[in-house]
Amino acid sequence: MRELQVETKYGTVQGELLHGTRVWKGIRYAKPPVGELRFQAPVPPESWDGIRQATQFGPENIQPRHESDWTGGQRPVESEDSLYLNIWAPEKESTNPLPVMVWIHGGSFVSGSGSQPMYDGTQLAHRGDVIVVTINYRLGPLGFLHMAPLGESYVTNAGLLDQAAALQWVKDNISAFGGDANNVTVFGESAGSMSIAALMAMPAAKGLFNRAIMQSGASQFITAEQASAMREGMLKILGVEPDNLQKLRTIPAEEIIAAGQTLKQQIGAGMALLFQPVLDGDTLPQTPLEAVNAGSAQDIPVLIGTTRHEGALFIQPHVPFSPEIDMVQGVDFMAPDLENRVAIADSYPKTADGQAQVMTDLFFWRSSLQYAAAQQKHAPVWMYRFDWVMPEHPLLKRAIHSIEMFFVFNTLPVLKFMNAEPDEAAAELALKVQDAWISFAKQGKPETAGIAWPAYEQDRATLIFNHEIEIVHDPEASKRELLGL
């Protein structure tokens, strides 16, 4: 067995052996972004003497909370000081450095953490013989306010820069844990996947990873003009005048998070992403789609996909249809570049389920297809769709947004918080999903269940994960063409 005491660039950490896996929790990868460092780019951590215990997760980034937001009975510890990462490694020693998989969590850029139970890296590390890393990053207004215009001591896209800093820490230190710093796969879901789309376009992340797995999210951004209007709205709510910006360093973080919630209510943002990557011309010079199309992620293979019914998590079928929601307006919001918006809106049933389908197809599926088409000119791309359902379950009778994560990490027991107990067939499917992710991390090509999985090219080969696994060429072709692809 390799040592549980590991010497990093900054000091020694002591991990523990859990369930046949070596685990280090709560390793700081940047200085606390508090006080004078609030709204600044992340700064490398300070070194320490002696041995630092790495057996407790670091705090989650401070975020809006609802009582139903966590899967355990205990409210997570949260803090503005949250820039920590966690590492899982196989117990047995390997003669060669192991592939590294770095998970970027989702949560609409306002919630989540790398320590949530469904992201436990034990099964992936143990079964796949890989190193798994999960990270926290700054969220909401702390991570995604467009602050750079206020002066040199402020930065935009701090949350994305945190992710790049965590990846730099991995590059500098992961070999001490048995990992291969030259074989790093980033994988993430929802806002985590959208983050990866942005990282592939960001100068700050260049050379920090070799492969990317994008689950239910692609090119996402707001313009600098929109972001500036949001910043000004936030400053007004917080009572910060232009001649007293220093006040921003001392306002309690809880007040800043609350101001973000107030702003969302004021502008009636609904399910829209208020905080997200900002096209600022500096940290994010181009939209992620334009950048990858131009070759910003040259030679980075991508595995990308969606679930079958993404929108059913947000607009559930039993919800009464709201005629106040203009379907054309919804299409316009999610795909303003399309000219046939009325025809698209008319092609969906005027029901809550129809609204959910619009969200699935335009916000998630279409953006993933666009991103795949842009990147396939510069590296191999593979496409999947996750269709698994539990027909008897009120929510999981659809393949909802985020459900595939429990299969990727093989943390199906965590679904008990939804009163769901997946059966043996689901457990077998989890192994097949994991096989695909692990083989992609190891060799840059996904393989599972002995199926020949062609790259996503002109015939648009897509692997469908369901009770049975199959390759479908150009699924829902007529709908794809209607969506201008």
# chains A, B, ... in the order shown; residues from 1 in each chain; ligands from 1
>>> select_by_dssp(residues="stretch 349-399 of chain A", states="strand (DSSP E or B)", output="JSON, numbers by chain")
{"A": [381, 382, 383, 384, 385, 386]}
>>> select_by_dssp(residues="stretch 180-376 of chain A", states="helix (DSSP H, G or I)", output="PDB file with C-alpha atoms, in the first residue's frame")
ATOM      1  CA  ALA A 191     -22.951  24.138 -14.363  1.00  0.00           C
ATOM      2  CA  GLY A 192     -19.878  21.923 -13.961  1.00  0.00           C
ATOM      3  CA  SER A 193     -20.107  20.919 -17.607  1.00  0.00           C
ATOM      4  CA  MET A 194     -20.742  24.529 -18.632  1.00  0.00           C
ATOM      5  CA  SER A 195     -17.628  25.405 -16.625  1.00  0.00           C
ATOM      6  CA  ILE A 196     -15.637  22.869 -18.628  1.00  0.00           C
ATOM      7  CA  ALA A 197     -16.923  24.440 -21.848  1.00  0.00           C
ATOM      8  CA  ALA A 198     -15.574  27.758 -20.564  1.00  0.00           C
ATOM      9  CA  LEU A 199     -12.263  26.274 -19.360  1.00  0.00           C
ATOM     10  CA  PRO A 203      -6.219  31.177 -21.543  1.00  0.00           C
ATOM     11  CA  ALA A 204      -5.820  30.560 -17.777  1.00  0.00           C
ATOM     12  CA  ALA A 205      -6.713  26.870 -18.178  1.00  0.00           C
ATOM     13  CA  ALA A 224     -20.263  42.106 -20.283  1.00  0.00           C
ATOM     14  CA  GLU A 225     -23.115  44.613 -20.703  1.00  0.00           C
ATOM     15  CA  GLN A 226     -25.643  42.296 -19.047  1.00  0.00           C
ATOM     16  CA  ALA A 227     -23.159  41.425 -16.311  1.00  0.00           C
ATOM     17  CA  SER A 228     -22.401  45.098 -15.649  1.00  0.00           C
ATOM     18  CA  ALA A 229     -26.101  45.831 -15.182  1.00  0.00           C
ATOM     19  CA  MET A 230     -26.303  42.960 -12.681  1.00  0.00           C
ATOM     20  CA  ARG A 231     -23.260  44.222 -10.785  1.00  0.00           C
ATOM     21  CA  GLU A 232     -24.757  47.691 -10.512  1.00  0.00           C
ATOM     22  CA  GLY A 233     -28.017  46.188  -9.267  1.00  0.00           C
ATOM     23  CA  MET A 234     -26.097  44.233  -6.624  1.00  0.00           C
ATOM     24  CA  LEU A 235     -24.146  47.299  -5.478  1.00  0.00           C
ATOM     25  CA  LYS A 236     -27.395  49.226  -5.121  1.00  0.00           C
ATOM     26  CA  ILE A 237     -28.985  46.488  -2.993  1.00  0.00           C
ATOM     27  CA  LEU A 238     -25.839  46.352  -0.840  1.00  0.00           C
ATOM     28  CA  PRO A 242     -18.751  54.045  -6.353  1.00  0.00           C
ATOM     29  CA  ASP A 243     -16.569  56.155  -4.032  1.00  0.00           C
ATOM     30  CA  ASN A 244     -16.733  53.561  -1.240  1.00  0.00           C
ATOM     31  CA  LEU A 245     -15.910  50.270  -2.966  1.00  0.00           C
ATOM     32  CA  GLN A 246     -13.701  49.211  -0.043  1.00  0.00           C
ATOM     33  CA  LYS A 247     -16.947  48.423   1.776  1.00  0.00           C
ATOM     34  CA  LEU A 248     -17.202  45.359  -0.502  1.00  0.00           C
ATOM     35  CA  ARG A 249     -14.300  43.778   1.412  1.00  0.00           C
ATOM     36  CA  ALA A 253     -20.608  37.172   2.804  1.00  0.00           C
ATOM     37  CA  GLU A 254     -24.133  36.169   3.887  1.00  0.00           C
ATOM     38  CA  GLU A 255     -25.364  39.646   2.912  1.00  0.00           C
ATOM     39  CA  ILE A 256     -23.772  39.370  -0.528  1.00  0.00           C
ATOM     40  CA  ILE A 257     -25.432  35.990  -1.132  1.00  0.00           C
ATOM     41  CA  ALA A 258     -28.770  37.389   0.094  1.00  0.00           C
ATOM     42  CA  ALA A 259     -28.398  40.394  -2.233  1.00  0.00           C
ATOM     43  CA  GLY A 260     -27.999  37.964  -5.133  1.00  0.00           C
ATOM     44  CA  GLN A 261     -31.301  36.340  -4.187  1.00  0.00           C
ATOM     45  CA  THR A 262     -32.985  39.735  -3.911  1.00  0.00           C
ATOM     46  CA  LEU A 263     -31.694  40.760  -7.332  1.00  0.00           C
ATOM     47  CA  LYS A 264     -33.033  37.536  -8.859  1.00  0.00           C
ATOM     48  CA  GLN A 265     -36.479  38.280  -7.433  1.00  0.00           C
ATOM     49  CA  GLN A 266     -36.370  41.893  -8.584  1.00  0.00           C
ATOM     50  CA  ILE A 267     -35.648  41.047 -12.196  1.00  0.00           C
ATOM     51  CA  PRO A 288     -16.922  28.989 -25.463  1.00  0.00           C
ATOM     52  CA  LEU A 289     -18.615  27.843 -28.679  1.00  0.00           C
ATOM     53  CA  GLU A 290     -16.726  30.359 -30.841  1.00  0.00           C
ATOM     54  CA  ALA A 291     -13.440  29.581 -29.104  1.00  0.00           C
ATOM     55  CA  VAL A 292     -13.602  25.786 -29.514  1.00  0.00           C
ATOM     56  CA  ASN A 293     -14.787  26.239 -33.087  1.00  0.00           C
ATOM     57  CA  GLU A 310     -33.530  17.057 -18.680  1.00  0.00           C
ATOM     58  CA  GLY A 311     -36.338  19.583 -18.253  1.00  0.00           C
ATOM     59  CA  ALA A 312     -38.558  17.214 -16.247  1.00  0.00           C
ATOM     60  CA  LEU A 313     -36.518  17.998 -13.114  1.00  0.00           C
ATOM     61  CA  MET A 327     -43.760  29.010 -25.550  1.00  0.00           C
ATOM     62  CA  VAL A 328     -42.411  31.222 -28.346  1.00  0.00           C
ATOM     63  CA  GLN A 329     -40.861  33.509 -25.754  1.00  0.00           C
ATOM     64  CA  GLY A 330     -39.286  30.452 -24.105  1.00  0.00           C
ATOM     65  CA  VAL A 331     -37.797  29.317 -27.399  1.00  0.00           C
ATOM     66  CA  ASP A 332     -36.603  32.860 -28.055  1.00  0.00           C
ATOM     67  CA  PHE A 333     -34.896  32.968 -24.656  1.00  0.00           C
ATOM     68  CA  MET A 334     -33.073  29.647 -25.125  1.00  0.00           C
ATOM     69  CA  ARG A 341     -39.074  30.086 -33.341  1.00  0.00           C
ATOM     70  CA  VAL A 342     -42.840  30.057 -33.839  1.00  0.00           C
ATOM     71  CA  ALA A 343     -42.719  26.773 -35.789  1.00  0.00           C
ATOM     72  CA  ILE A 344     -40.494  25.237 -33.115  1.00  0.00           C
ATOM     73  CA  ALA A 345     -42.808  26.335 -30.294  1.00  0.00           C
ATOM     74  CA  ASP A 346     -45.846  25.004 -32.172  1.00  0.00           C
ATOM     75  CA  ALA A 352     -46.145  21.295 -18.685  1.00  0.00           C
ATOM     76  CA  ASP A 353     -44.486  18.250 -20.249  1.00  0.00           C
ATOM     77  CA  GLY A 354     -44.209  20.187 -23.516  1.00  0.00           C
ATOM     78  CA  GLN A 355     -42.509  23.048 -21.694  1.00  0.00           C
ATOM     79  CA  ALA A 356     -40.096  20.587 -20.093  1.00  0.00           C
ATOM     80  CA  GLN A 357     -39.307  19.141 -23.535  1.00  0.00           C
ATOM     81  CA  VAL A 358     -38.532  22.614 -24.876  1.00  0.00           C
ATOM     82  CA  MET A 359     -36.022  23.080 -22.058  1.00  0.00           C
ATOM     83  CA  THR A 360     -34.492  19.639 -22.681  1.00  0.00           C
ATOM     84  CA  ASP A 361     -34.117  20.142 -26.417  1.00  0.00           C
ATOM     85  CA  LEU A 362     -33.090  23.780 -26.687  1.00  0.00           C
ATOM     86  CA  PHE A 363     -31.160  24.484 -23.503  1.00  0.00           C
ATOM     87  CA  PHE A 364     -29.370  21.144 -23.099  1.00  0.00           C
ATOM     88  CA  TRP A 365     -29.490  18.938 -26.207  1.00  0.00           C
ATOM     89  CA  ARG A 366     -29.074  21.615 -28.884  1.00  0.00           C
ATOM     90  CA  SER A 367     -26.161  23.305 -27.094  1.00  0.00           C
ATOM     91  CA  SER A 368     -24.423  19.933 -26.676  1.00  0.00           C
ATOM     92  CA  LEU A 369     -24.814  19.120 -30.378  1.00  0.00           C
ATOM     93  CA  GLN A 370     -23.460  22.559 -31.303  1.00  0.00           C
ATOM     94  CA  TYR A 371     -20.458  22.109 -29.023  1.00  0.00           C
ATOM     95  CA  ALA A 372     -19.774  18.622 -30.350  1.00  0.00           C
ATOM     96  CA  ALA A 373     -19.882  19.889 -33.936  1.00  0.00           C
ATOM     97  CA  ALA A 374     -17.462  22.711 -33.091  1.00  0.00           C
ATOM     98  CA  GLN A 375     -14.930  20.496 -31.296  1.00  0.00           C
TER      99      GLN A 375
END
>>> atom_distance(atom1="atom CA of A:Gln40", atom2="atom CA of A:Ala218")
25.7 Å
>>> closest_atom_pairs(of="stretch 362-399 of chain A", to="stretch 452-458 of chain A", cutoff="7 Å", atoms="only C-alpha atoms", output="JSON lines")
{"residue": "A:Pro380", "atom": "CA", "partner": "A:Ala455", "partner_atom": "CA", "distance": 6.4}
{"residue": "A:Val381", "atom": "CA", "partner": "A:Tyr456", "partner_atom": "CA", "distance": 5.5}
{"residue": "A:Trp382", "atom": "CA", "partner": "A:Ala455", "partner_atom": "CA", "distance": 4.8}
{"residue": "A:Met383", "atom": "CA", "partner": "A:Tyr456", "partner_atom": "CA", "distance": 5.9}
>>> closest_atom_pairs(of="stretch 370-444 of chain A", to="stretch 110-125 of chain A", cutoff="8 Å", atoms="only C-alpha atoms", output="CSV")
residue,atom,partner,partner_atom,distance
A:Met405,CA,A:Met118,CA,7.3
A:Phe406,CA,A:Met118,CA,6.0
A:Val408,CA,A:Leu124,CA,7.9
A:Phe409,CA,A:Leu124,CA,5.9
A:Asn410,CA,A:Gln123,CA,6.3
A:Thr411,CA,A:Met118,CA,5.5
A:Leu412,CA,A:Met118,CA,7.9
A:Val414,CA,A:Met118,CA,6.2
A:Gln434,CA,A:Leu124,CA,7.2
A:Ile438,CA,A:Leu124,CA,7.7
>>> closest_residue(among="A:Pro141, A:Pro44, A:Gly179, A:Pro64", to="A:Val100", atoms="only C-alpha atoms")
A:Gly179
>>> closest_atom_pairs(of="stretch 47-124 of chain A", to="stretch 156-169 of chain A", cutoff="9 Å", atoms="only C-alpha atoms", output="Markdown table")
| residue | atom | partner | partner_atom | distance |
| --- | --- | --- | --- | --- |
| A:Leu83 | CA | A:Asp162 | CA | 7.6 |
| A:Tyr84 | CA | A:Ala166 | CA | 8.3 |
| A:Leu85 | CA | A:Ala166 | CA | 7.5 |
| A:Val102 | CA | A:Leu167 | CA | 7.9 |
| A:Ile104 | CA | A:Gln163 | CA | 7.8 |
| A:Phe109 | CA | A:Gly159 | CA | 8.5 |
>>> closest_residue(among="A:Ser82, A:Ser153, A:Gln286, A:Gln298", to="A:Tyr29", atoms="only C-alpha atoms")
A:Ser82
>>> closest_residue(among="A:Leu431, A:Ser402, A:Phe386, A:Lys442", to="A:Phe465", atoms="only C-alpha atoms")
A:Phe386
>>> closest_residue(among="A:Ala427, A:Val302, A:Leu142, A:Leu395", to="A:Pro252", atoms="only C-alpha atoms")
A:Leu142
>>> closest_residue(among="A:Thr306, A:Gln63, A:Thr250, A:Ser108", to="A:Ile213", atoms="only C-alpha atoms")
A:Thr306
>>> closest_residue(among="A:His105, A:Lys9, A:Arg38, A:Arg138", to="A:Pro59", atoms="only C-alpha atoms")
A:Arg138
>>> residues_around(residues="A:Val133", least_positions_apart="5", cutoff="7 Å", atoms="only C-alpha atoms", output="list of chain:residue names")
A:Leu85, A:Asn86, A:Ile87, A:Trp88, A:Met101, A:Val102, A:Trp103
>>> residues_around(residues="A:Asn419", least_positions_apart="4", cutoff="12 Å", atoms="only C-alpha atoms", output="ChimeraX atom specification")
/A:71,390,392-396,412-415
>>> write_last_selection(atoms="C-alpha atoms", output="PDB file, in the first residue's frame")
ATOM      1  CA  THR A  71     -29.147  14.537   1.166  1.00  0.00           C
ATOM      2  CA  MET A 390     -37.890   4.014 -12.818  1.00  0.00           C
ATOM      3  CA  GLU A 392     -43.086   3.540 -10.785  1.00  0.00           C
ATOM      4  CA  HIS A 393     -41.264   6.544  -9.245  1.00  0.00           C
ATOM      5  CA  PRO A 394     -43.047   9.945  -9.369  1.00  0.00           C
ATOM      6  CA  LEU A 395     -39.912  11.852 -10.456  1.00  0.00           C
ATOM      7  CA  LEU A 396     -37.583   9.183 -11.859  1.00  0.00           C
ATOM      8  CA  LEU A 412     -26.957   4.735  -6.249  1.00  0.00           C
ATOM      9  CA  PRO A 413     -27.697   4.222  -2.510  1.00  0.00           C
ATOM     10  CA  VAL A 414     -27.696   8.020  -2.128  1.00  0.00           C
ATOM     11  CA  LEU A 415     -30.952   8.039  -4.127  1.00  0.00           C
TER      12      LEU A 415
END
>>> atom_distance(atom1="atom CA of A:Leu338", atom2="atom CA of A:Gly295")
24.4 Å
>>> atom_distance(atom1="atom CA of A:Lys171", atom2="atom CA of A:Phe209")
8.5 Å
>>> decode(residues="stretch 289-428 of chain A", atoms="C-alpha atoms", output="tab-separated table (two decimals), in the first residue's frame")
chain	number	residue	atom	x	y	z
A	289	LEU	CA	-18.62	27.84	-28.68
A	290	GLU	CA	-16.73	30.36	-30.84
A	291	ALA	CA	-13.44	29.58	-29.10
A	292	VAL	CA	-13.60	25.79	-29.51
A	293	ASN	CA	-14.79	26.24	-33.09
A	294	ALA	CA	-11.60	28.23	-33.70
A	295	GLY	CA	-9.45	25.51	-32.11
A	296	SER	CA	-8.91	26.72	-28.52
A	297	ALA	CA	-9.17	23.11	-27.30
A	298	GLN	CA	-7.09	21.52	-30.04
A	299	ASP	CA	-6.40	17.82	-29.41
A	300	ILE	CA	-8.67	17.53	-26.35
A	301	PRO	CA	-11.02	14.56	-26.90
A	302	VAL	CA	-14.55	15.11	-25.58
A	303	LEU	CA	-17.27	12.78	-24.32
A	304	ILE	CA	-20.52	14.76	-24.21
A	305	GLY	CA	-24.19	14.05	-23.72
A	306	THR	CA	-27.50	14.70	-21.99
A	307	THR	CA	-30.31	12.87	-20.28
A	308	ARG	CA	-33.48	12.10	-22.22
A	309	HIS	CA	-35.77	14.35	-20.16
A	310	GLU	CA	-33.53	17.06	-18.68
A	311	GLY	CA	-36.34	19.58	-18.25
A	312	ALA	CA	-38.56	17.21	-16.25
A	313	LEU	CA	-36.52	18.00	-13.11
A	314	PHE	CA	-37.41	21.68	-13.36
A	315	ILE	CA	-40.91	21.50	-14.89
A	316	GLN	CA	-42.49	18.34	-13.59
A	317	PRO	CA	-45.28	16.69	-15.63
A	318	HIS	CA	-47.91	16.94	-12.87
A	319	VAL	CA	-47.51	20.74	-12.72
A	320	PRO	CA	-50.54	22.43	-14.33
A	321	PHE	CA	-49.75	24.02	-17.69
A	322	SER	CA	-49.39	27.75	-17.34
A	323	PRO	CA	-50.79	29.63	-20.35
A	324	GLU	CA	-48.96	32.73	-19.09
A	325	ILE	CA	-45.72	31.07	-20.14
A	326	ASP	CA	-45.32	32.01	-23.78
A	327	MET	CA	-43.76	29.01	-25.55
A	328	VAL	CA	-42.41	31.22	-28.35
A	329	GLN	CA	-40.86	33.51	-25.75
A	330	GLY	CA	-39.29	30.45	-24.11
A	331	VAL	CA	-37.80	29.32	-27.40
A	332	ASP	CA	-36.60	32.86	-28.06
A	333	PHE	CA	-34.90	32.97	-24.66
A	334	MET	CA	-33.07	29.65	-25.12
A	335	ALA	CA	-32.26	29.92	-28.84
A	336	PRO	CA	-32.38	33.57	-29.96
A	337	ASP	CA	-30.33	32.72	-33.07
A	338	LEU	CA	-33.17	30.66	-34.59
A	339	GLU	CA	-35.51	32.27	-37.10
A	340	ASN	CA	-38.24	29.60	-37.02
A	341	ARG	CA	-39.07	30.09	-33.34
A	342	VAL	CA	-42.84	30.06	-33.84
A	343	ALA	CA	-42.72	26.77	-35.79
A	344	ILE	CA	-40.49	25.24	-33.11
A	345	ALA	CA	-42.81	26.34	-30.29
A	346	ASP	CA	-45.85	25.00	-32.17
A	347	SER	CA	-44.21	21.59	-32.53
A	348	TYR	CA	-44.42	20.96	-28.77
A	349	PRO	CA	-47.62	20.09	-26.86
A	350	LYS	CA	-49.13	22.94	-24.85
A	351	THR	CA	-48.60	21.15	-21.57
A	352	ALA	CA	-46.15	21.29	-18.69
A	353	ASP	CA	-44.49	18.25	-20.25
A	354	GLY	CA	-44.21	20.19	-23.52
A	355	GLN	CA	-42.51	23.05	-21.69
A	356	ALA	CA	-40.10	20.59	-20.09
A	357	GLN	CA	-39.31	19.14	-23.53
A	358	VAL	CA	-38.53	22.61	-24.88
A	359	MET	CA	-36.02	23.08	-22.06
A	360	THR	CA	-34.49	19.64	-22.68
A	361	ASP	CA	-34.12	20.14	-26.42
A	362	LEU	CA	-33.09	23.78	-26.69
A	363	PHE	CA	-31.16	24.48	-23.50
A	364	PHE	CA	-29.37	21.14	-23.10
A	365	TRP	CA	-29.49	18.94	-26.21
A	366	ARG	CA	-29.07	21.62	-28.88
A	367	SER	CA	-26.16	23.30	-27.09
A	368	SER	CA	-24.42	19.93	-26.68
A	369	LEU	CA	-24.81	19.12	-30.38
A	370	GLN	CA	-23.46	22.56	-31.30
A	371	TYR	CA	-20.46	22.11	-29.02
A	372	ALA	CA	-19.77	18.62	-30.35
A	373	ALA	CA	-19.88	19.89	-33.94
A	374	ALA	CA	-17.46	22.71	-33.09
A	375	GLN	CA	-14.93	20.50	-31.30
A	376	GLN	CA	-15.00	17.52	-33.67
A	377	LYS	CA	-12.95	19.55	-36.17
A	378	HIS	CA	-10.10	19.62	-33.66
A	379	ALA	CA	-10.31	16.34	-31.71
A	380	PRO	CA	-12.44	13.17	-31.50
A	381	VAL	CA	-15.86	13.59	-29.89
A	382	TRP	CA	-18.24	10.91	-28.57
A	383	MET	CA	-21.93	11.48	-27.85
A	384	TYR	CA	-24.20	9.70	-25.36
A	385	ARG	CA	-27.78	10.00	-24.12
A	386	PHE	CA	-28.93	8.68	-20.75
A	387	ASP	CA	-32.46	7.24	-20.92
A	388	TRP	CA	-32.79	5.13	-17.73
A	389	VAL	CA	-36.03	5.56	-15.76
A	390	MET	CA	-37.89	4.01	-12.82
A	391	PRO	CA	-41.45	3.86	-14.21
A	392	GLU	CA	-43.09	3.54	-10.79
A	393	HIS	CA	-41.26	6.54	-9.24
A	394	PRO	CA	-43.05	9.95	-9.37
A	395	LEU	CA	-39.91	11.85	-10.46
A	396	LEU	CA	-37.58	9.18	-11.86
A	397	LYS	CA	-40.20	7.96	-14.33
A	398	ARG	CA	-38.38	10.46	-16.55
A	399	ALA	CA	-34.62	10.49	-17.21
A	400	ILE	CA	-34.27	13.80	-15.39
A	401	HIS	CA	-31.42	16.30	-15.31
A	402	SER	CA	-28.59	15.10	-13.03
A	403	ILE	CA	-29.71	11.46	-12.62
A	404	GLU	CA	-26.70	10.06	-14.52
A	405	MET	CA	-24.27	11.35	-11.85
A	406	PHE	CA	-25.34	8.61	-9.45
A	407	PHE	CA	-24.37	6.05	-12.12
A	408	VAL	CA	-21.06	7.69	-13.01
A	409	PHE	CA	-19.93	7.63	-9.36
A	410	ASN	CA	-21.88	4.44	-8.62
A	411	THR	CA	-23.47	6.12	-5.59
A	412	LEU	CA	-26.96	4.74	-6.25
A	413	PRO	CA	-27.70	4.22	-2.51
A	414	VAL	CA	-27.70	8.02	-2.13
A	415	LEU	CA	-30.95	8.04	-4.13
A	416	LYS	CA	-32.72	7.00	-0.94
A	417	PHE	CA	-33.13	10.73	-0.27
A	418	MET	CA	-35.60	10.63	-3.18
A	419	ASN	CA	-37.22	7.51	-1.71
A	420	ALA	CA	-35.79	5.52	-4.61
A	421	GLU	CA	-34.09	2.13	-4.36
A	422	PRO	CA	-32.62	1.22	-7.76
A	423	ASP	CA	-32.63	-2.50	-8.57
A	424	GLU	CA	-29.91	-4.90	-9.69
A	425	ALA	CA	-30.35	-3.86	-13.33
A	426	ALA	CA	-29.61	-0.25	-12.34
A	427	ALA	CA	-26.52	-1.40	-10.43
A	428	GLU	CA	-25.32	-3.22	-13.56
